[in-house]
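Chemist: Data: query_11.json, JSON, C-alpha atoms.
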[["chain", "number", "residue", "atom", "x", "y", "z"],
["A", 279, "MET", "CA", 35.31, -3.33, -23.41],
["A", 280, "THR", "CA", 32.73, -2.81, -26.17],
["A", 281, "ILE", "CA", 29.13, -3.36, -25.05],
["A", 282, "VAL", "CA", 26.96, -5.11, -27.65],
["A", 283, "LEU", "CA", 23.19, -4.58, -27.90],
["A", 284, "ARG", "CA", 20.68, -7.38, -28.54],
["A", 285, "ASP", "CA", 20.66, -6.65, -32.25],
["A", 286, "GLY", "CA", 24.43, -7.19, -32.40],
["A", 287, "THR", "CA", 25.41, -3.55, -32.82],
["A", 288, "ALA", "CA", 27.77, -1.68, -30.55],
["A", 289, "ALA", "CA", 26.09, 0.34, -27.81],
["A", 290, "PRO", "CA", 26.26, 4.13, -28.03],
["A", 291, "ALA", "CA", 28.39, 5.81, -25.39],
["A", 292, "ASP", "CA", 25.31, 6.93, -23.46],
["A", 293, "ILE", "CA", 23.98, 3.40, -23.10],
["A", 294, "ALA", "CA", 27.41, 2.10, -22.19],
["A", 295, "ALA", "CA", 27.72, 4.72, -19.44],
["A", 296, "ALA", "CA", 24.23, 3.95, -18.16],
["A", 297, "ARG", "CA", 24.97, 0.23, -17.97],
["A", 298, "ARG", "CA", 28.17, 0.88, -16.04],
["A", 299, "VAL", "CA", 26.19, 2.91, -13.53],
["A", 300, "LEU", "CA", 23.51, 0.26, -13.14],
["A", 301, "ASP", "CA", 26.07, -2.55, -12.89],
["A", 302, "THR", "CA", 27.99, -0.67, -10.21],
["A", 303, "GLU", "CA", 24.85, 0.08, -8.21],
["A", 304, "ALA", "CA", 23.60, -3.50, -8.59],
["A", 305, "GLN", "CA", 26.90, -4.76, -7.19],
["A", 306, "ALA", "CA", 26.56, -2.28, -4.33],
["A", 307, "LEU", "CA", 23.07, -3.51, -3.44],
["A", 308, "ALA", "CA", 24.26, -7.13, -3.49],
["A", 309, "ALA", "CA", 27.15, -6.23, -1.20],
["A", 310, "LEU", "CA", 24.78, -4.30, 1.07],
["A", 311, "GLY", "CA", 22.53, -7.34, 1.40],
["A", 312, "ASP", "CA", 25.49, -9.55, 2.27],
["A", 313, "SER", "CA", 26.67, -7.07, 4.90],
["A", 314, "LEU", "CA", 23.46, -7.06, 6.94],
["A", 315, "GLY", "CA", 23.68, -8.61, 10.38],
["A", 316, "ALA", "CA", 23.22, -7.86, 14.07],
["A", 317, "PRO", "CA", 23.38, -4.05, 13.64],
["A", 318, "PHE", "CA", 20.39, -4.15, 11.28],
["A", 319, "VAL", "CA", 18.37, -6.15, 13.80],
["A", 320, "ALA", "CA", 19.42, -3.71, 16.53],
["A", 321, "ALA", "CA", 18.25, -0.81, 14.36],
["A", 322, "CYS", "CA", 14.87, -2.48, 13.88],
["A", 323, "ASP", "CA", 14.64, -3.05, 17.63],
["A", 324, "ALA", "CA", 15.37, 0.61, 18.32],
["A", 325, "LEU", "CA", 12.85, 1.88, 15.78],
["A", 326, "ALA", "CA", 10.14, -0.55, 16.84],
["A", 327, "GLY", "CA", 10.79, 0.20, 20.50],
["A", 328, "ALA", "CA", 10.35, 3.96, 20.16],
["A", 329, "SER", "CA", 7.04, 4.97, 21.68],
["A", 330, "GLY", "CA", 7.16, 8.22, 19.71],
["A", 331, "ARG", "CA", 8.03, 8.71, 16.07],
["A", 332, "VAL", "CA", 11.01, 8.14, 13.81],
["A", 333, "VAL", "CA", 12.83, 11.34, 12.87],
["A", 334, "VAL", "CA", 14.97, 11.18, 9.73],
["A", 335, "SER", "CA", 17.65, 13.76, 8.93],
["A", 336, "GLY", "CA", 20.36, 14.29, 6.37],
["A", 337, "MET", "CA", 21.99, 17.07, 4.35],
["A", 338, "GLY", "CA", 22.14, 17.47, 0.57],
["A", 339, "LYS", "CA", 21.51, 14.29, -1.42],
["A", 340, "SER", "CA", 21.33, 12.31, 1.82],
["A", 341, "GLY", "CA", 18.56, 14.66, 2.89],
["A", 342, "HIS", "CA", 16.57, 13.95, -0.27],
["A", 343, "VAL", "CA", 16.93, 10.24, 0.41],
["A", 344, "GLY", "CA", 15.97, 10.84, 4.04],
["A", 345, "ARG", "CA", 12.71, 12.48, 3.02],
["A", 346, "LYS", "CA", 11.80, 9.42, 0.98],
["A", 347, "ILE", "CA", 12.72, 7.06, 3.82],
["A", 348, "ALA", "CA", 10.52, 9.03, 6.23],
["A", 349, "ALA", "CA", 7.64, 8.92, 3.74],
["A", 350, "THR", "CA", 8.02, 5.16, 3.25],
["A", 351, "LEU", "CA", 8.11, 4.51, 6.98],
["A", 352, "ALA", "CA", 5.03, 6.65, 7.57],
["A", 353, "SER", "CA", 3.05, 4.94, 4.82],
["A", 354, "THR", "CA", 3.84, 1.46, 6.13],
["A", 355, "GLY", "CA", 2.78, 1.89, 9.74],
["A", 356, "THR", "CA", 5.82, 3.53, 11.36],
["A", 357, "PRO", "CA", 5.04, 7.21, 12.12],
["A", 358, "ALA", "CA", 7.96, 9.23, 10.77],
["A", 359, "PHE", "CA", 8.90, 12.67, 9.46],
["A", 360, "PHE", "CA", 11.95, 14.49, 8.12],
["A", 361, "VAL", "CA", 13.80, 17.28, 9.94],
["A", 362, "HIS", "CA", 16.29, 19.38, 7.98],
["A", 363, "PRO", "CA", 19.54, 19.46, 10.00],
["A", 364, "ALA", "CA", 20.17, 23.15, 9.39],
["A", 365, "GLU", "CA", 16.64, 24.06, 10.47],
["A", 366, "ALA", "CA", 17.08, 21.82, 13.52],
["A", 367, "SER", "CA", 19.83, 24.13, 14.71],
["A", 368, "HIS", "CA", 17.42, 27.06, 14.54],
["A", 369, "GLY", "CA", 14.52, 25.72, 16.56],
["A", 370, "ASP", "CA", 13.35, 22.53, 14.86],
["A", 371, "LEU", "CA", 15.12, 20.43, 17.50],
["A", 372, "GLY", "CA", 11.92, 21.08, 19.42],
["A", 373, "MET", "CA", 10.20, 18.67, 17.02],
["A", 374, "ILE", "CA", 12.21, 15.78, 18.46],
["A", 375, "THR", "CA", 11.12, 14.25, 21.79],
["A", 376, "LYS", "CA", 12.67, 11.80, 24.21],
["A", 377, "ASP", "CA", 10.26, 9.13, 22.98],
["A", 378, "ASP", "CA", 11.47, 9.33, 19.38],
["A", 379, "ALA", "CA", 14.22, 7.54, 17.48],
["A", 380, "VAL", "CA", 16.46, 9.34, 15.00],
["A", 381, "ILE", "CA", 17.93, 8.09, 11.73],
["A", 382, "ALA", "CA", 20.81, 10.27, 10.53],
["A", 383, "LEU", "CA", 22.26, 9.84, 7.03],
["A", 384, "SER", "CA", 25.71, 10.99, 5.95],
["A", 385, "ASN", "CA", 27.97, 9.20, 3.51],
["A", 386, "SER", "CA", 31.12, 10.65, 5.06],
["A", 387, "GLY", "CA", 29.73, 10.60, 8.59],
["A", 388, "GLU", "CA", 31.26, 14.04, 9.12],
["A", 389, "THR", "CA", 28.44, 16.33, 7.92],
["A", 390, "PRO", "CA", 28.77, 19.41, 10.16],
["A", 391, "GLU", "CA", 25.09, 20.33, 9.90],
["A", 392, "LEU", "CA", 24.20, 17.09, 11.71],
["A", 393, "SER", "CA", 26.28, 17.91, 14.77],
["A", 394, "ASP", "CA", 23.50, 19.62, 16.72],
["A", 395, "ILE", "CA", 21.05, 16.78, 16.11],
["A", 396, "ILE", "CA", 23.67, 14.24, 17.16],
["A", 397, "ALA", "CA", 24.46, 16.23, 20.31],
["A", 398, "PHE", "CA", 20.75, 16.60, 21.10],
["A", 399, "THR", "CA", 20.16, 12.84, 20.91],
["A", 400, "ARG", "CA", 23.16, 12.19, 23.18],
["A", 401, "ARG", "CA", 22.01, 14.78, 25.71],
["A", 402, "PHE", "CA", 18.50, 13.36, 26.04],
["A", 403, "ALA", "CA", 19.28, 9.65, 25.48],
["A", 404, "ILE", "CA", 17.32, 9.48, 22.23],
["A", 405, "SER", "CA", 18.05, 6.40, 20.11],
["A", 406, "LEU", "CA", 20.30, 7.32, 17.17],
["A", 407, "ILE", "CA", 20.75, 5.12, 14.12],
["A", 408, "GLY", "CA", 23.52, 6.35, 11.84],
["A", 409, "ILE", "CA", 23.78, 5.36, 8.19],
["A", 410, "THR", "CA", 27.23, 6.10, 6.78],
["A", 411, "SER", "CA", 30.08, 4.64, 4.74],
["A", 412, "ARG", "CA", 32.75, 5.16, 7.43],
["A", 413, "ALA", "CA", 32.83, 3.14, 10.62],
["A", 414, "ASP", "CA", 35.39, 5.54, 12.13],
["A", 415, "SER", "CA", 33.36, 8.67, 11.44],
["A", 416, "ALA", "CA", 31.88, 10.97, 14.07],
["A", 417, "LEU", "CA", 28.36, 9.84, 13.15],
["A", 418, "ALA", "CA", 29.13, 6.13, 13.41],
["A", 419, "GLN", "CA", 31.04, 6.57, 16.68],
["A", 420, "SER", "CA", 28.24, 8.63, 18.22],
["A", 421, "SER", "CA", 25.36, 6.38, 17.13],
["A", 422, "ASP", "CA", 23.67, 3.76, 19.27],
["A", 423, "VAL", "CA", 23.51, 1.66, 16.10],
["A", 424, "ALA", "CA", 25.72, 2.29, 13.07],
["A", 425, "LEU", "CA", 24.70, 0.82, 9.72],
["A", 426, "ILE", "CA", 27.84, 0.91, 7.61],
["A", 427, "LEU", "CA", 27.52, 0.94, 3.82],
["A", 428, "PRO", "CA", 29.92, -1.36, 1.91],
["A", 429, "PRO", "CA", 32.97, 0.35, 0.35],
["A", 430, "ILE", "CA", 31.67, 0.44, -3.23],
["A", 431, "PRO", "CA", 32.83, 3.42, -5.34],
["A", 432, "GLU", "CA", 30.40, 6.00, -6.65],
["A", 433, "ALA", "CA", 29.17, 5.27, -10.17],
["A", 434, "CYS", "CA", 30.30, 8.75, -11.23],
["A", 435, "PRO", "CA", 33.54, 8.41, -13.27],
["A", 436, "ASN", "CA", 35.11, 11.05, -11.02],
["A", 437, "GLY", "CA", 34.02, 9.15, -7.91],
["A", 438, "LEU", "CA", 32.39, 12.31, -6.58],
["A", 439, "ALA", "CA", 28.67, 12.58, -7.39],
["A", 440, "PRO", "CA", 26.51, 10.73, -4.82],
["A", 441, "THR", "CA", 25.15, 7.80, -6.82],
["A", 442, "THR", "CA", 26.03, 4.40, -5.44],
["A", 443, "SER", "CA", 26.00, 5.65, -1.85],
["A", 444, "THR", "CA", 22.55, 7.22, -2.12],
["A", 445, "THR", "CA", 21.19, 4.12, -3.85],
["A", 446, "MET", "CA", 22.37, 2.00, -0.93],
["A", 447, "MET", "CA", 20.91, 4.46, 1.60],
["A", 448, "LEU", "CA", 17.57, 4.41, -0.17],
["A", 449, "ALA", "CA", 17.50, 0.63, -0.35],
["A", 450, "LEU", "CA", 18.52, 0.33, 3.30],
["A", 451, "GLY", "CA", 15.64, 2.62, 4.24],
["A", 452, "ASP", "CA", 13.25, 0.41, 2.29],
["A", 453, "ALA", "CA", 14.66, -2.65, 4.04],
["A", 454, "LEU", "CA", 14.09, -1.08, 7.46],
["A", 455, "ALA", "CA", 10.53, -0.05, 6.54],
["A", 456, "VAL", "CA", 9.56, -3.50, 5.26],
["A", 457, "ALA", "CA", 11.18, -5.30, 8.19],
["A", 458, "LEU", "CA", 9.18, -3.10, 10.59],
["A", 459, "LEU", "CA", 6.04, -3.63, 8.50],
["A", 460, "GLU", "CA", 6.38, -7.38, 8.81],
["A", 461, "ARG", "CA", 7.04, -7.18, 12.55],
["A", 462, "LYS", "CA", 3.72, -5.37, 12.92],
["A", 463, "ASN", "CA", 1.81, -7.72, 10.59],
["A", 464, "PHE", "CA", 0.83, -4.62, 8.62],
["A", 465, "SER", "CA", -1.94, -5.82, 6.29],
["A", 466, "ALA", "CA", -3.36, -4.60, 2.98],
["A", 467, "ALA", "CA", -6.30, -3.21, 4.94],
["A", 468, "ASP", "CA", -3.91, -1.21, 7.13],
["A", 469, "PHE", "CA", -2.07, -0.06, 4.03],
["A", 470, "ARG", "CA", -5.25, 1.33, 2.50],
["A", 471, "VAL", "CA", -5.84, 3.55, 5.54],
["A", 472, "PHE", "CA", -2.71, 5.51, 4.57],
["A", 473, "HIS", "CA", -3.30, 5.28, 0.79],
["A", 474, "PRO", "CA", -6.91, 6.29, 0.14],
["A", 475, "GLY", "CA", -6.12, 8.12, -3.09],
["A", 476, "GLY", "CA", -4.84, 7.16, -6.51],
["A", 477, "GLN", "CA", -4.73, 3.80, -8.22],
["A", 478, "LEU", "CA", -3.34, 2.08, -5.13],
["A", 479, "GLY", "CA", -6.26, 3.23, -3.02],
["A", 480, "ARG", "CA", -8.73, 2.04, -5.65],
["A", 481, "ARG", "CA", -7.10, -1.38, -5.81],
["A", 482, "LEU", "CA", -7.50, -1.75, -2.05],
["A", 483, "LEU", "CA", -11.17, -0.79, -1.88],
["A", 484, "LYS", "CA", -13.35, -3.42, -0.28],
["A", 485, "VAL", "CA", -16.77, -4.65, -1.35],
["A", 486, "ALA", "CA", -18.34, -3.01, 1.72],
["A", 487, "ASP", "CA", -16.96, 0.37, 0.58],
["A", 488, "LEU", "CA", -18.94, 0.29, -2.67],
["A", 489, "MET", "CA", -22.06, -1.82, -2.07],
["A", 490, "HIS", "CA", -25.61, -0.50, -1.85],
["A", 491, "GLY", "CA", -26.89, -1.38, 1.63],
["A", 492, "GLY", "CA", -29.91, -0.75, 3.83],
["A", 493, "ASP", "CA", -32.99, 0.59, 2.07],
["A", 494, "ALA", "CA", -31.10, 0.71, -1.22],
["A", 495, "MET", "CA", -31.17, -3.09, -1.43],
["A", 496, "PRO", "CA", -33.90, -4.51, -3.73],
["A", 497, "LEU", "CA", -35.37, -7.27, -1.51],
["A", 498, "VAL", "CA", -38.61, -9.20, -1.76],
["A", 499, "GLY", "CA", -40.04, -12.30, -0.08],
["A", 500, "LEU", "CA", -40.56, -15.74, -1.58],
["A", 501, "ASP", "CA", -44.31, -15.15, -1.91],
["A", 502, "THR", "CA", -44.07, -11.60, -3.28],
["A", 503, "PRO", "CA", -46.06, -11.35, -6.53],
["A", 504, "MET", "CA", -43.94, -10.65, -9.60],
["A", 505, "ALA", "CA", -45.90, -7.47, -10.28],
["A", 506, "GLU", "CA", -44.59, -6.09, -6.98],
["A", 507, "THR", "CA", -41.14, -7.59, -7.58],
["A", 508, "LEU", "CA", -40.90, -5.77, -10.91],
["A", 509, "LEU", "CA", -41.78, -2.52, -9.15],
["A", 510, "VAL", "CA", -38.97, -3.07, -6.62],
["A", 511, "MET", "CA", -36.48, -3.84, -9.39],
["A", 512, "THR", "CA", -37.48, -0.71, -11.28],
["A", 513, "THR", "CA", -37.38, 1.53, -8.21],
["A", 514, "LYS", "CA", -33.97, 0.34, -6.98],
["A", 515, "SER", "CA", -32.45, 0.45, -10.49],
["A", 516, "LEU", "CA", -29.92, -2.33, -9.92],
["A", 517, "GLY", "CA", -31.30, -4.78, -12.46],
["A", 518, "CYS", "CA", -32.16, -7.45, -9.91],
["A", 519, "ALA", "CA", -34.05, -8.28, -6.74],
["A", 520, "GLY", "CA", -32.91, -10.49, -3.90],
["A", 521, "VAL", "CA", -35.42, -13.02, -2.63],
["A", 522, "ILE", "CA", -35.29, -13.73, 1.10],
["A", 523, "ASP", "CA", -36.95, -16.49, 3.13],
["A", 524, "SER", "CA", -38.85, -16.10, 6.39],
["A", 525, "ASP", "CA", -35.54, -16.06, 8.33],
["A", 526, "GLY", "CA", -34.16, -13.18, 6.26],
["A", 527, "ARG", "CA", -31.68, -15.41, 4.41],
["A", 528, "LEU", "CA", -31.01, -14.98, 0.72],
["A", 529, "ALA", "CA", -32.87, -17.78, -1.07],
["A", 530, "GLY", "CA", -32.42, -16.58, -4.63],
["A", 531, "ILE", "CA", -32.25, -13.68, -7.04],
["A", 532, "VAL", "CA", -34.51, -12.38, -9.80],
["A", 533, "THR", "CA", -32.61, -10.81, -12.69],
["A", 534, "ASP", "CA", -33.50, -9.46, -16.14],
["A", 535, "GLY", "CA", -32.47, -12.85, -17.49],
["A", 536, "ASP", "CA", -34.98, -14.61, -15.24],
["A", 537, "LEU", "CA", -37.70, -12.30, -16.54],
["A", 538, "ARG", "CA", -36.88, -13.20, -20.14],
["A", 539, "ARG", "CA", -36.82, -16.92, -19.36],
["A", 540, "HIS", "CA", -40.25, -16.76, -17.71],
["A", 541, "MET", "CA", -41.82, -14.34, -20.16],
["A", 542, "SER", "CA", -45.46, -15.42, -20.57],
["A", 543, "GLY", "CA", -48.95, -14.28, -19.71],
["A", 544, "GLN", "CA", -48.59, -15.86, -16.30],
["A", 545, "LEU", "CA", -45.44, -13.94, -15.29],
["A", 546, "LEU", "CA", -47.20, -11.22, -13.33],
["A", 547, "THR", "CA", -49.28, -13.75, -11.38],
["A", 548, "ALA", "CA", -46.26, -15.85, -10.41],
["A", 549, "THR", "CA", -44.29, -15.27, -7.20],
["A", 550, "ALA", "CA", -40.66, -14.25, -6.83],
["A", 551, "GLY", "CA", -39.90, -17.69, -5.44],
["A", 552, "GLN", "CA", -41.19, -19.34, -8.60],
["A", 553, "VAL", "CA", -39.16, -17.14, -10.96],
["A", 554, "MET", "CA", -35.89, -16.68, -9.03],
["A", 555, "THR", "CA", -32.55, -18.33, -9.65],
["A", 556, "ARG", "CA", -31.72, -20.35, -6.55],
["A", 557, "SER", "CA", -28.33, -20.27, -4.79],
["A", 558, "PRO", "CA", -27.02, -17.19, -6.63],
["A", 559, "LYS", "CA", -23.36, -16.26, -6.66],
["A", 560, "THR", "CA", -22.59, -13.99, -3.68],
["A", 561, "ILE", "CA", -19.57, -12.30, -2.14],
["A", 562, "ALA", "CA", -18.47, -11.34, 1.38],
["A", 563, "PRO", "CA", -18.30, -7.65, 2.37],
["A", 564, "ASN", "CA", -14.68, -7.81, 3.55],
["A", 565, "LEU", "CA", -13.23, -8.99, 0.23],
["A", 566, "LEU", "CA", -11.41, -6.61, -2.10],
["A", 567, "ALA", "CA", -13.53, -4.96, -4.77],
["A", 568, "ALA", "CA", -11.08, -6.31, -7.35],
["A", 569, "GLU", "CA", -12.13, -9.82, -6.35],
["A", 570, "ALA", "CA", -15.79, -8.90, -6.95],
["A", 571, "LEU", "CA", -14.87, -7.65, -10.42],
["A", 572, "ARG", "CA", -13.15, -10.96, -11.16],
["A", 573, "VAL", "CA", -16.28, -12.90, -10.12],
["A", 574, "LEU", "CA", -18.56, -10.69, -12.22],
["A", 575, "ASN", "CA", -16.36, -11.17, -15.26],
["A", 576, "GLU", "CA", -16.01, -14.94, -14.79],
["A", 577, "LYS", "CA", -19.77, -15.46, -14.34],
["A", 578, "SER", "CA", -20.77, -12.88, -16.99],
["A", 579, "ILE", "CA", -23.15, -11.19, -14.56],
["A", 580, "THR", "CA", -23.64, -7.54, -13.63],
["A", 581, "SER", "CA", -24.67, -7.70, -9.95],
["A", 582, "LEU", "CA", -23.62, -9.55, -6.81],
["A", 583, "PHE", "CA", -25.42, -9.76, -3.51],
["A", 584, "VAL", "CA", -23.12, -9.14, -0.59],
["A", 585, "VAL", "CA", -23.90, -11.75, 2.06],
["A", 586, "GLU", "CA", -22.72, -12.39, 5.60],
["A", 587, "GLY", "CA", -24.06, -15.29, 7.64],
["A", 588, "GLY", "CA", -26.49, -16.08, 4.85],
["A", 589, "ARG", "CA", -28.17, -12.69, 5.13],
["A", 590, "PRO", "CA", -27.87, -9.97, 2.48],
["A", 591, "GLN", "CA", -25.84, -6.92, 3.52],
["A", 592, "GLY", "CA", -25.84, -5.10, 0.22],
["A", 593, "VAL", "CA", -25.70, -5.28, -3.57],
["A", 594, "LEU", "CA", -22.70, -4.53, -5.76],
["A", 595, "HIS", "CA", -23.18, -3.62, -9.42],
["A", 596, "VAL", "CA", -20.44, -3.64, -12.04],
["A", 597, "HIS", "CA", -21.11, 0.07, -12.62],
["A", 598, "ASP", "CA", -20.13, 0.77, -9.00],
["A", 599, "LEU", "CA", -16.74, -0.81, -9.68],
["A", 600, "LEU", "CA", -16.27, 1.09, -12.91],
["A", 601, "ARG", "CA", -17.15, 4.41, -11.29],
["A", 602, "ALA", "CA", -14.63, 3.72, -8.51],
["A", 603, "GLY", "CA", -11.90, 2.96, -11.05],
["A", 604, "VAL", "CA", -11.49, -0.68, -10.00],
["A", 605, "VAL", "CA", -10.17, -2.14, -13.25]]
Represent the structure from my file as structure tokens, please.
Modeler:
Amino acid sequence: MTIVLRDGTAAPADIAAARRVLDTEAQALAALGDSLGAPFVAACDALAGASGRVVVSGMGKSGHVGRKIAATLASTGTPAFFVHPAEASHGDLGMITKDDAVIALSNSGETPELSDIIAFTRRFAISLIGITSRADSALAQSSDVALILPPIPEACPNGLAPTTSTTMMLALGDALAVALLERKNFSAADFRVFHPGGQLGRRLLKVADLMHGGDAMPLVGLDTPMAETLLVMTTKSLGCAGVIDSDGRLAGIVTDGDLRRHMSGQLLTATAGQVMTRSPKTIAPNLLAAEALRVLNEKSITSLFVVEGGRPQGVLHVHDLLRAGVV
């Protein structure tokens, strides 16, 4: 069958081959989703019930997939690591404890390098979840829970190169990780603990992580003369001063704009309470920094006081967000 591109021309052979691969793997993922049932729930129970860690193992391409599955589990609240099956036979079995659960991956279910890990889990009653394409294989028969991949052919025209099978393994690992994440109510705040670096970590920064608190806050009282208020604004270098009442609550804010609006010979003799903007826009310390950036943009302002219980906890300037890469 000739594949036609959007412009009406026939697809080159490379694109045609790529589409066949993607179509085959898409069909495999759909079949995998339809096949999920009680064994998947049992696997989640076993992994969630392990008081130790999840140990993932596999050989060859399955091993590469296993490393990614272990990394995904670890980053979403399920402590996990990868053990190479060949290294396990030469001492790394000592990395696996009775409190752990093991996920073993093998498309055929007959990978000889996995035999020692399988035997070790049977000897010490360690939960074993096998992921394989053959229900009658040694791995499936030895596992406490066997997750059987649907019988979809490899996307390779020779039916040999691991393609469809590894895609299903990878997706199944993601499904296990997310199911466990949801069981634990793993939040964005929890996620940030394991992802402090990179763009993801920046997106999950909270207001409290970036605000200027304590003595760095420019605060004055309602009756503070503007001459003194200007000195505070200049010293703190945040372009504003928060005005607090006798109970320590934020009553208003003096900004550069307020200074321009009240520019006259009487400005320096006025008080902060007379010049301030009342009921300024504020933000809570536990909100994401990205939310603060949205508020600053919507209100066309450069600073926000961070308030909890009516009392100022800090000040957040747009430059703090830019320096942190929150865009």
Chemist: Do you know which residues are at most 9 Å from Met511 of chain A counting only C-alpha atoms, after dropping those on the same chain fewer than 4 positions away, and could you put them as a PyMOL selection string?
Modeler: chain A and resi 496-497+506-507+515-519+532-533
Chemist: Residues at most 9 Å from segment 371-388 of chain A, counting only C-alpha atoms, excluding those fewer than 3 positions away in the same chain, as a VMD selection string?
Modeler: chain A and resid 324 to 325 327 to 337 340 to 341 343 to 344 361 363 365 to 368 391 to 396 398 to 399 402 to 418 421 427 440 443 to 444 447
Chemist: So which one's closest to Lys339 of chain A, A:Ala568, A:Leu448, A:Ala364, A:Met541? Using all atoms listed in the file, please.
Modeler: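 Between A:Ala568, A:Leu448, A:Ala364, A:Met541, the residue approaching Lys339 of chain A most closely is A:Leu448.
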Chemist: Would you mind reading off the distance between atom CA of Asp323 of chain A and atom CA of His342 of chain A, one decimal, in Å?
Modeler: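 Atom CA of His342 of chain A lies 24.8 Å from atom CA of Asp323 of chain A.
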Chemist: Give me, please, the distance in Å between atom CA of Leu351 of chain A and atom CA of Ala455 of chain A, quoted to one decimal.
Modeler: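 Atom-to-atom, atom CA of Leu351 of chain A to atom CA of Ala455 of chain A, that is 5.2 Å.
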Chemist: Pick the closest to Thr512 of chain A from A:Ala494, A:Gly369, A:Phe464, A:Ala562: which is it, counting all atoms listed in the file?
Modeler: A:Ala494
Chemist: In terms of the shortest atom-to-atom distance over only C-alpha atoms, which of A:Cys434, A:Pro390, A:Lys346, A:Thr442 is closest to Glu303 of chain A?
Modeler: A:Thr442
Chemist: A:Thr350, A:Arg538, A:Thr502, A:Asn436: which is nearest Leu459 of chain A, counting only C-alpha atoms?
Modeler: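 Looking only at the distances to Leu459 of chain A, the closest residue turns out to be A:Thr350.
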Chemist: Have segment 366-379 of chain A completed to N, CA, C and O atoms, please, and pass it along as a JSON list (two decimals), keeping the file's coordinate frame.
Modeler:
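The file below, selection-v7.json, is the result:
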[["chain", "number", "residue", "atom", "x", "y", "z"],
["A", 366, "ALA", "N", 17.08, 22.35, 12.15],
["A", 366, "ALA", "CA", 17.08, 21.82, 13.52],
["A", 366, "ALA", "C", 17.90, 22.72, 14.43],
["A", 366, "ALA", "O", 17.54, 22.93, 15.60],
["A", 367, "SER", "N", 18.97, 23.26, 13.91],
["A", 367, "SER", "CA", 19.83, 24.13, 14.71],
["A", 367, "SER", "C", 19.20, 25.49, 15.00],
["A", 367, "SER", "O", 19.72, 26.25, 15.81],
["A", 368, "HIS", "N", 18.08, 25.77, 14.35],
["A", 368, "HIS", "CA", 17.42, 27.06, 14.54],
["A", 368, "HIS", "C", 15.99, 26.88, 15.05],
["A", 368, "HIS", "O", 15.10, 27.63, 14.67],
["A", 369, "GLY", "N", 15.81, 25.87, 15.90],
["A", 369, "GLY", "CA", 14.52, 25.72, 16.56],
["A", 369, "GLY", "C", 13.80, 24.42, 16.30],
["A", 369, "GLY", "O", 12.97, 24.00, 17.12],
["A", 370, "ASP", "N", 14.09, 23.75, 15.17],
["A", 370, "ASP", "CA", 13.35, 22.53, 14.86],
["A", 370, "ASP", "C", 13.76, 21.33, 15.71],
["A", 370, "ASP", "O", 13.14, 20.27, 15.63],
["A", 371, "LEU", "N", 14.80, 21.49, 16.54],
["A", 371, "LEU", "CA", 15.12, 20.43, 17.50],
["A", 371, "LEU", "C", 13.93, 20.19, 18.44],
["A", 371, "LEU", "O", 13.79, 19.10, 19.01],
["A", 372, "GLY", "N", 13.10, 21.22, 18.58],
["A", 372, "GLY", "CA", 11.92, 21.08, 19.42],
["A", 372, "GLY", "C", 10.91, 20.10, 18.88],
["A", 372, "GLY", "O", 9.96, 19.72, 19.57],
["A", 373, "MET", "N", 11.08, 19.67, 17.61],
["A", 373, "MET", "CA", 10.20, 18.67, 17.02],
["A", 373, "MET", "C", 10.56, 17.26, 17.46],
["A", 373, "MET", "O", 9.79, 16.32, 17.25],
["A", 374, "ILE", "N", 11.73, 17.10, 18.05],
["A", 374, "ILE", "CA", 12.21, 15.78, 18.46],
["A", 374, "ILE", "C", 12.00, 15.62, 19.96],
["A", 374, "ILE", "O", 12.39, 16.48, 20.75],
["A", 375, "THR", "N", 11.38, 14.50, 20.37],
["A", 375, "THR", "CA", 11.12, 14.25, 21.79],
["A", 375, "THR", "C", 11.94, 13.07, 22.29],
["A", 375, "THR", "O", 12.54, 12.32, 21.50],
["A", 376, "LYS", "N", 11.92, 12.90, 23.59],
["A", 376, "LYS", "CA", 12.67, 11.80, 24.21],
["A", 376, "LYS", "C", 12.12, 10.43, 23.82],
["A", 376, "LYS", "O", 12.80, 9.42, 23.99],
["A", 377, "ASP", "N", 10.88, 10.40, 23.35],
["A", 377, "ASP", "CA", 10.26, 9.13, 22.98],
["A", 377, "ASP", "C", 10.54, 8.72, 21.55],
["A", 377, "ASP", "O", 10.16, 7.64, 21.11],
["A", 378, "ASP", "N", 11.23, 9.60, 20.80],
["A", 378, "ASP", "CA", 11.47, 9.33, 19.38],
["A", 378, "ASP", "C", 12.74, 8.54, 19.17],
["A", 378, "ASP", "O", 13.53, 8.31, 20.10],
["A", 379, "ALA", "N", 12.94, 8.11, 17.93],
["A", 379, "ALA", "CA", 14.22, 7.54, 17.48],
["A", 379, "ALA", "C", 14.64, 8.33, 16.26],
["A", 379, "ALA", "O", 13.80, 8.79, 15.49]]
